[in-house]
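Visitor: Take a look at work15.cif, mmCIF, C-alpha atoms:
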data_final
loop_
_atom_site.label_atom_id
_atom_site.label_comp_id
_atom_site.auth_asym_id
_atom_site.auth_seq_id
_atom_site.Cartn_x
_atom_site.Cartn_y
_atom_site.Cartn_z
CA LEU A 33 95.67 108.78 96.35
CA ALA A 34 94.49 108.55 99.94
CA VAL A 35 95.07 111.67 102.03
CA GLU A 36 96.07 111.42 105.69
CA PHE A 37 95.14 114.11 108.23
CA SER A 38 97.00 114.86 111.46
CA ASP A 39 96.82 117.48 114.18
CA ARG A 40 99.44 120.15 114.87
CA TYR A 41 101.36 117.68 117.03
CA GLY A 42 101.60 115.15 114.21
CA GLN A 43 99.03 112.74 115.68
CA PRO A 44 96.85 111.04 113.02
CA LEU A 45 93.23 112.21 112.85
CA GLY A 46 91.99 110.10 109.97
CA THR A 47 92.42 109.10 106.34
CA LEU A 48 90.43 110.18 103.31
CA LEU A 49 90.41 107.22 100.95
CA SER A 50 90.27 107.30 97.16
CA ARG A 51 86.85 106.88 95.54
CA ASP A 52 87.22 103.12 95.23
CA GLN A 53 87.94 103.05 98.99
CA ASN A 54 91.54 101.92 98.57
CA HIS A 55 94.27 103.36 100.75
CA THR A 56 97.37 103.68 98.60
CA ALA A 57 100.42 105.88 98.07
CA VAL A 58 102.75 105.83 95.08
CA VAL A 59 106.49 106.25 95.64
CA PRO A 60 109.50 105.91 93.32
CA LEU A 61 111.71 102.85 93.68
CA ALA A 62 114.48 105.00 95.19
CA GLN A 63 112.22 105.76 98.16
CA VAL A 64 111.72 102.11 99.12
CA SER A 65 114.04 100.28 101.50
CA PRO A 66 116.47 97.94 99.69
CA HIS A 67 115.47 95.34 102.28
CA PHE A 68 111.92 95.28 100.93
CA ILE A 69 112.99 95.22 97.29
CA GLN A 70 115.32 92.29 97.95
CA ALA A 71 112.69 90.51 100.05
CA ILE A 72 109.89 90.80 97.48
CA ILE A 73 112.15 89.66 94.62
CA ALA A 74 113.50 86.72 96.64
CA ALA A 75 110.01 85.62 97.64
CA GLU A 76 108.08 86.27 94.42
CA ASP A 77 110.49 86.12 91.46
CA LYS A 78 114.08 85.29 92.31
CA ARG A 79 115.27 85.50 88.67
CA TYR A 80 113.51 88.80 88.03
CA TYR A 81 116.54 90.71 86.76
CA GLN A 82 117.89 87.73 84.79
CA GLN A 83 114.82 86.64 82.82
CA GLY A 84 112.13 88.05 80.57
CA ALA A 85 108.44 88.62 81.14
CA VAL A 86 107.79 84.94 81.87
CA ASP A 87 109.74 82.11 83.45
CA SER A 88 109.77 79.51 80.66
CA ILE A 89 110.86 76.63 82.88
CA ALA A 90 108.16 77.40 85.46
CA ILE A 91 105.53 77.79 82.72
CA VAL A 92 106.32 74.35 81.25
CA ARG A 93 106.21 72.81 84.73
CA ALA A 94 102.88 74.51 85.47
CA ILE A 95 101.38 73.28 82.18
CA LEU A 96 102.41 69.68 82.91
CA GLU A 97 100.95 69.93 86.42
CA ALA A 98 97.72 71.40 85.03
CA ILE A 99 97.39 68.57 82.49
CA GLN A 100 97.87 65.94 85.19
CA ALA A 101 95.52 67.61 87.69
CA ARG A 102 93.07 68.88 85.02
CA LYS A 103 93.23 72.31 86.63
CA ILE A 104 95.81 75.04 87.23
CA VAL A 105 97.94 73.97 90.19
CA SER A 106 100.84 76.40 89.93
CA GLY A 107 100.61 79.94 88.60
CA ALA A 108 104.30 80.15 87.64
CA SER A 109 103.87 83.89 87.87
CA THR A 110 106.75 86.28 87.40
CA ILE A 111 106.53 89.86 88.65
CA PRO A 112 105.44 91.12 85.18
CA MET A 113 102.73 88.44 85.11
CA GLN A 114 101.56 89.36 88.59
CA LEU A 115 101.45 93.02 87.58
CA ALA A 116 99.40 92.07 84.51
CA ARG A 117 96.93 90.25 86.78
CA MET A 118 96.66 93.32 89.02
CA LEU A 119 95.87 95.49 86.01
CA GLU A 120 93.34 93.08 84.52
CA PRO A 121 92.11 90.71 87.25
CA ALA A 122 90.28 87.59 86.09
CA PRO A 123 89.51 84.07 87.36
CA THR A 124 92.41 81.63 87.08
CA THR A 125 91.77 79.63 83.90
CA LEU A 126 94.03 78.50 81.07
CA VAL A 127 92.53 81.13 78.75
CA ASN A 128 92.97 83.94 81.27
CA LYS A 129 96.49 82.74 82.07
CA SER A 130 97.33 83.02 78.36
CA GLN A 131 95.97 86.58 78.29
CA GLU A 132 97.97 87.37 81.43
CA ILE A 133 101.17 86.16 79.75
CA TRP A 134 100.40 88.28 76.67
CA LEU A 135 99.86 91.42 78.75
CA ALA A 136 103.07 90.67 80.68
CA TRP A 137 104.97 90.57 77.37
CA ARG A 138 103.44 93.90 76.36
CA LEU A 139 104.48 95.46 79.69
CA PHE A 140 107.96 94.00 79.32
CA ALA A 141 108.27 95.45 75.82
CA GLY A 142 107.27 98.96 76.88
CA MET A 143 108.88 99.32 80.32
CA ASN A 144 112.29 98.61 81.81
CA LYS A 145 112.75 96.30 84.81
CA ASP A 146 112.85 99.10 87.39
CA GLU A 147 109.67 100.68 86.00
CA ILE A 148 107.83 97.35 86.16
CA LEU A 149 109.06 96.69 89.69
CA GLN A 150 108.04 100.19 90.80
CA ALA A 151 104.54 99.74 89.38
CA TYR A 152 104.33 96.32 91.03
CA ILE A 153 105.32 97.30 94.57
CA ASN A 154 102.95 100.28 94.46
CA ARG A 155 100.01 97.97 93.65
CA LEU A 156 100.69 95.05 95.97
CA PRO A 157 97.68 94.03 98.10
CA MET A 158 98.78 94.54 101.70
CA GLY A 159 95.67 93.67 103.68
CA GLY A 160 92.22 95.24 103.88
CA ASN A 161 92.07 98.28 101.59
CA LEU A 162 95.84 98.89 101.74
CA TYR A 163 97.74 98.76 98.46
CA GLY A 164 101.45 99.32 97.94
CA VAL A 165 104.44 99.19 100.25
CA GLU A 166 104.31 102.88 101.21
CA ALA A 167 100.70 102.78 102.40
CA ALA A 168 101.37 99.54 104.29
CA SER A 169 104.55 100.84 105.90
CA ARG A 170 102.80 103.94 107.20
CA ALA A 171 99.66 102.07 108.29
CA TYR A 172 101.43 99.23 110.12
CA PHE A 173 104.61 100.93 111.35
CA ASN A 174 104.01 104.69 110.97
CA ILE A 175 107.19 105.14 108.94
CA PRO A 176 107.89 105.72 105.24
CA ALA A 177 108.89 102.71 103.15
CA THR A 178 112.43 104.05 102.82
CA ASP A 179 113.00 103.49 106.57
CA LEU A 180 111.88 99.85 106.79
CA SER A 181 114.21 97.58 108.74
CA LEU A 182 114.91 94.05 107.54
CA SER A 183 112.40 92.65 110.03
CA GLN A 184 109.67 95.10 109.01
CA ALA A 185 110.44 94.72 105.29
CA SER A 186 110.30 90.92 105.39
CA LEU A 187 106.95 91.04 107.20
CA LEU A 188 105.50 93.34 104.54
CA ALA A 189 106.97 91.20 101.75
CA ALA A 190 105.18 88.22 103.29
CA LEU A 191 101.75 89.86 103.15
CA PRO A 192 100.95 89.79 99.38
CA ASN A 193 101.05 85.98 99.37
CA ASP A 194 97.70 85.99 101.19
CA PRO A 195 96.82 89.45 102.54
CA THR A 196 93.59 88.25 104.15
CA ASP A 197 94.75 85.13 105.98
CA LEU A 198 98.08 86.76 106.89
CA ASN A 199 96.47 89.81 108.49
CA PRO A 200 99.03 90.95 111.11
CA TYR A 201 96.33 91.96 113.59
CA TYR A 202 94.54 88.60 113.57
CA ASN A 203 96.97 85.98 112.23
CA TRP A 204 100.35 87.04 113.55
CA GLN A 205 101.78 83.54 113.81
CA ALA A 206 100.81 82.68 110.23
CA LEU A 207 102.45 85.91 109.06
CA LYS A 208 105.58 85.05 111.03
CA GLN A 209 105.75 81.66 109.31
CA ARG A 210 105.61 83.36 105.92
CA GLN A 211 108.22 85.88 107.10
CA ARG A 212 110.51 82.95 107.89
CA TYR A 213 110.06 81.74 104.31
CA VAL A 214 110.87 85.20 102.93
CA LEU A 215 114.01 85.47 105.08
CA ASP A 216 115.13 81.98 104.07
CA ARG A 217 114.72 82.92 100.41
CA MET A 218 116.81 86.04 100.99
CA VAL A 219 119.54 83.88 102.52
CA ALA A 220 119.37 81.42 99.61
CA GLU A 221 119.73 84.27 97.10
CA GLY A 222 122.71 85.74 98.94
CA TYR A 223 121.08 88.98 100.06
CA ILE A 224 121.67 88.37 103.77
CA THR A 225 123.41 85.92 106.07
CA LEU A 226 121.57 83.27 108.10
CA ASN A 227 122.60 85.02 111.30
CA TYR A 228 121.13 88.31 110.05
CA ALA A 229 117.93 86.50 109.03
CA ASN A 230 117.55 84.89 112.45
CA HIS A 231 118.08 88.22 114.18
CA ALA A 232 115.42 89.87 111.99
CA TYR A 233 112.96 87.02 112.64
CA GLN A 234 113.42 87.28 116.42
CA GLU A 235 113.22 91.08 116.49
CA ASN A 236 110.24 92.47 118.37
CA VAL A 237 108.20 94.50 115.87
CA GLU A 238 105.51 96.85 117.15
CA LEU A 239 102.41 97.48 115.04
CA GLN A 240 100.38 100.65 114.87
CA PRO A 241 96.79 100.25 116.12
CA PRO A 242 94.50 99.35 113.19
CA GLN A 243 93.05 102.38 111.43
CA LEU A 244 89.30 102.31 111.86
CA ASP A 245 88.62 105.93 110.97
CA ALA A 246 89.32 105.96 107.24
CA ILE A 247 86.52 107.44 105.12
CA ALA A 248 85.93 107.24 101.40
CA ALA A 249 86.16 110.27 99.16
CA PRO A 250 82.80 111.30 97.65
CA ASP A 251 82.23 110.87 93.95
CA ARG A 252 82.00 114.32 92.35
CA LYS A 253 79.19 113.11 90.14
CA SER A 254 76.98 112.42 93.15
#
Using structure tokens, write down the structure from this file.

Guide:
Amino acid sequence: LAVEFSDRYGQPLGTLLSRDQNHTAVVPLAQVSPHFIQAIIAAEDKRYYQQGAVDSIAIVRAILEAIQARKIVSGASTIPMQLARMLEPAPTTLVNKSQEIWLAWRLFAGMNKDEILQAYINRLPMGGNLYGVEAASRAYFNIPATDLSLSQASLLAALPNDPTDLNPYYNWQALKQRQRYVLDRMVAEGYITLNYANHAYQENVELQPPQLDAIAAPDRKS
């Protein structure tokens, strides 16, 4: 895990990254705002708690699209499939997609839904070398993930779709467009009302200054 340093007044001094230079923090599901959990499920896998490791309907649709286009057009990825891809990343091909589905089934057979979701949200790419909702919440808003408001949570849930092009420091408007999508999905799934979504979208969210002082932990073998 990355280790954050602060002075006696609580002001951040710097961050010591893990050896692979990733800034991450692992938290249990109970310590993540329900707003974020609802937002990420609505945006990434709306039938997560009702289906198995794969979405059969989406898989069939993706196969038909791939046959017509002669390439993979839609990933049809459920949360277990996305987690499988995080654990064993590989180029998007039909063979690798089949292996991804197989690993998703193995994860689904050995873990319950909450365990899979917890592993997933702690590995989400959140921009730069940030991974997981807790690290992103502290880096962008200086608060733990449990305290995320709906507006903050929906912004973070928008990031994994394209953490590079949706960088909040450089592409704020693009991130806001994706946030609108996330909020609309939450409305469609009955998590929030349209009025609540509009209020969250219009809320003024302040970002922490980007952390430029993170350093990587030395390898003990060196």

Visitor: Here is a test: counting all atoms listed in the file, which residue of A:Leu198, A:Ala171, A:Val64, A:Leu119 is nearest to Pro241 of chain A?

Guide: A:Ala171

Visitor: Calculated over all atoms listed in the file, which of the candidates A:Ile72, A:Ile111, A:Leu187, A:Leu239 has the smallest distance to Asn174 of chain A?

Guide: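 Residue with the minimum atom-to-atom distance to Asn174 of chain A: A:Leu239.
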
Visitor: Work out how far atom CA of Met158 of chain A is from atom CA of Tyr201 of chain A, in Å to one decimal.

Guide: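 Interatomic distance here is 12.4 Å.
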
Visitor: Apply the PyMOL selection byres ((chain A and resi 161) around 9) to the structure shown and report the selected residues as number ranges by chain.

Guide: A: 53-56, 157-160, 162-163

Visitor: In terms of the shortest atom-to-atom distance over all atoms listed in the file, which of A:Ala122, A:Arg138, A:Lys208, A:Val58 is closest to Leu191 of chain A?

Guide: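 Of A:Ala122, A:Arg138, A:Lys208, A:Val58, the one nearest Leu191 of chain A is A:Lys208, counting all atoms listed in the file.
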
Visitor: What would the selection look like, as a compact mmCIF listing (two decimals) with C-alpha atoms, keeping the file's coordinate frame, if the PyMOL selection byres ((chain A and resi 75) around 10) were run on the coordinates I just shared?

Guide:
# COMPACT_ATOMS: atom_id res chain seq x y z
CA GLN A 70 115.32 92.29 97.95
CA ALA A 71 112.69 90.51 100.05
CA ILE A 72 109.89 90.80 97.48
CA ILE A 73 112.15 89.66 94.62
CA ALA A 74 113.50 86.72 96.64
CA GLU A 76 108.08 86.27 94.42
CA ASP A 77 110.49 86.12 91.46
CA LYS A 78 114.08 85.29 92.31
CA SER A 186 110.30 90.92 105.39
CA ALA A 189 106.97 91.20 101.75
CA ALA A 190 105.18 88.22 103.29
CA ASN A 193 101.05 85.98 99.37
CA ARG A 210 105.61 83.36 105.92
CA GLN A 211 108.22 85.88 107.10
CA TYR A 213 110.06 81.74 104.31
CA VAL A 214 110.87 85.20 102.93
CA LEU A 215 114.01 85.47 105.08
CA ASP A 216 115.13 81.98 104.07
CA ARG A 217 114.72 82.92 100.41
CA MET A 218 116.81 86.04 100.99
CA GLU A 221 119.73 84.27 97.10

Visitor: What separation in Å, quoted to one decimal, exists between atom CA of Asn236 of chain A and atom CA of Val165 of chain A?

Guide: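 So the two atoms, atom CA of Asn236 of chain A and atom CA of Val165 of chain A, lie 20.2 Å apart.
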
Visitor: To verify the selection step, state as a PyMOL selection string which residues the PyMOL selection byres ((chain A and resi 235) around 12) yields on this input.

Guide: chain A and resi 181-184+186-187+208+211+228-234+236-238

Visitor: Report the distance between atom CA of Glu120 of chain A and atom CA of Ala136 of chain A in Å, rounded to one decimal place.

Guide: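 Distance between the two atoms: 10.7 Å.
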
Visitor: Which one is closest to Ile133 of chain A: A:Ile148, A:Ile153, A:Ala206, A:Met113? Count all atoms listed in the file.

Guide: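 Using all atoms listed in the file, the shortest distance to Ile133 of chain A belongs to A:Met113.
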
Visitor: Rank nothing, just name the residue among A:Lys129, A:Arg117, A:Arg79, A:Lys145 nearest to Leu61 of chain A, using all atoms listed in the file.

Guide: A:Lys145
